[in-house]
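What follows is a set of notes on a single structure, which appears directly below.
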Amino acid sequence: MASNNTQLQFQDSLPLMANKLGGDGLIDELCNGFNLLMDSSKGVITFESLKRNSSLFGLQDLSDEELRNMIVEGDFDGDGALSQLEFCVLMFRLSPELMDGSKLWLEQMLQQEMKDFF
């Protein structure tokens, strides 16, 4: 049950962070989160580094199985770890509201690019 509560809290706070920080600020914060969780010798988030650093994000009550499932869910290349890109994609996937908002940000960025271009 801890993972459901943690996921709900995450889903509630990530869109708020995005609104407060903007797209670039949110990406910076996700990168900071990745850096806190990663194994510095390997440059990726491993199960061991996630378990060791999980308390930094209030995830210390998650079981080993729940932590492993987080890695598996985001591991697109099958190497058993999360790269920075995989981590960021996973964070967005865990927040459907943020995914909807990202479409709006993309449209706004494209409009700004077009405006600057002309």
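Please note that chains go A, B, ... in the order of the structure tokens, that every chain numbers its residues from 1, and that ligands are numbered from 1 in the order shown.
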
Distance query Leu56 of chain A at most 9 Å, only C-alpha atoms, self and fewer than 4 positions along chain excluded, as number ranges by chain: A: 36-37, 60

Please report, as a PyMOL selection string, each residue of segment 48-105 of chain A to which DSSP assigns helix (DSSP H, G or I) when run on this structure's backbone. chain A and resi 48-57+64-74+84-93+96-105

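Take atom CA of Ile27 of chain A and atom CA of Leu82 of chain A: the distance between them is 16.0 Å.
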
Let me make sure I understand: among A:Glu66, A:Glu29, A:Asp77, A:Asp61, which one has the smallest atom-to-atom distance to Phe47 of chain A if we use only C-alpha atoms? A:Glu66

Near-Val72 of chain A list (12 Å; only C-alpha atoms; drop same-chain fewer than 6 positions) as an mmCIF file with N, CA, C and O atoms, in the first residue's frame:
```
data_model
loop_
_atom_site.group_PDB
_atom_site.id
_atom_site.type_symbol
_atom_site.label_atom_id
_atom_site.label_comp_id
_atom_site.auth_asym_id
_atom_site.auth_seq_id
_atom_site.Cartn_x
_atom_site.Cartn_y
_atom_site.Cartn_z
ATOM 1 N N ILE A 45 20.943 4.759 -12.220
ATOM 2 C CA ILE A 45 20.273 4.351 -10.986
ATOM 3 C C ILE A 45 20.157 2.837 -11.004
ATOM 4 O O ILE A 45 19.534 2.263 -11.898
ATOM 5 N N THR A 46 20.783 2.201 -10.042
ATOM 6 C CA THR A 46 20.693 0.757 -9.884
ATOM 7 C C THR A 46 19.737 0.458 -8.728
ATOM 8 O O THR A 46 19.366 1.354 -7.967
ATOM 9 N N PHE A 47 19.347 -0.787 -8.587
ATOM 10 C CA PHE A 47 18.512 -1.160 -7.445
ATOM 11 C C PHE A 47 19.217 -0.768 -6.150
ATOM 12 O O PHE A 47 18.612 -0.205 -5.250
ATOM 13 N N GLU A 65 10.920 -5.395 -3.452
ATOM 14 C CA GLU A 65 10.169 -5.734 -4.665
ATOM 15 C C GLU A 65 9.616 -4.474 -5.330
ATOM 16 O O GLU A 65 9.689 -4.332 -6.557
ATOM 17 N N GLU A 66 9.088 -3.547 -4.548
ATOM 18 C CA GLU A 66 8.547 -2.308 -5.108
ATOM 19 C C GLU A 66 9.653 -1.468 -5.744
ATOM 20 O O GLU A 66 9.464 -0.892 -6.818
ATOM 21 N N GLY A 78 16.741 -2.543 -21.051
ATOM 22 C CA GLY A 78 16.924 -3.868 -20.465
ATOM 23 C C GLY A 78 18.249 -4.100 -19.774
ATOM 24 O O GLY A 78 18.622 -5.246 -19.536
ATOM 25 N N ASP A 79 18.956 -3.029 -19.392
ATOM 26 C CA ASP A 79 20.250 -3.218 -18.729
ATOM 27 C C ASP A 79 20.140 -3.338 -17.212
ATOM 28 O O ASP A 79 21.135 -3.470 -16.522
ATOM 29 N N GLY A 80 18.915 -3.310 -16.671
ATOM 30 C CA GLY A 80 18.723 -3.480 -15.237
ATOM 31 C C GLY A 80 18.953 -2.221 -14.427
ATOM 32 O O GLY A 80 19.043 -2.279 -13.202
ATOM 33 N N ALA A 81 19.057 -1.081 -15.092
ATOM 34 C CA ALA A 81 19.297 0.191 -14.421
ATOM 35 C C ALA A 81 18.557 1.295 -15.168
ATOM 36 O O ALA A 81 18.067 1.079 -16.273
ATOM 37 N N LEU A 82 18.486 2.478 -14.545
ATOM 38 C CA LEU A 82 17.839 3.616 -15.196
ATOM 39 C C LEU A 82 18.861 4.665 -15.573
ATOM 40 O O LEU A 82 19.583 5.176 -14.714
ATOM 41 N N GLU A 86 15.808 7.565 -19.063
ATOM 42 C CA GLU A 86 14.801 6.596 -18.611
ATOM 43 C C GLU A 86 14.134 7.072 -17.323
ATOM 44 O O GLU A 86 12.919 6.933 -17.152
ATOM 45 N N PHE A 87 14.928 7.642 -16.414
ATOM 46 C CA PHE A 87 14.386 8.158 -15.159
ATOM 47 C C PHE A 87 13.394 9.288 -15.421
ATOM 48 O O PHE A 87 12.289 9.305 -14.882
ATOM 49 N N LEU A 90 10.210 7.986 -16.937
ATOM 50 C CA LEU A 90 9.427 7.301 -15.912
ATOM 51 C C LEU A 90 8.691 8.303 -15.032
ATOM 52 O O LEU A 90 7.513 8.124 -14.726
#
```

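For the pair atom CA of Met38 of chain A and atom CA of Asp64 of chain A, the separation is 16.6 Å.
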
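Our summary of the geometry notes that atom CA of Glu73 of chain A is positioned 17.1 Å from atom CA of Leu30 of chain A.
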
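Considering the residues A:Leu59, A:Cys31, A:Val44, A:Met70 and counting only C-alpha atoms, Ser83 of chain A has its shortest atom-to-atom contact with A:Val44.
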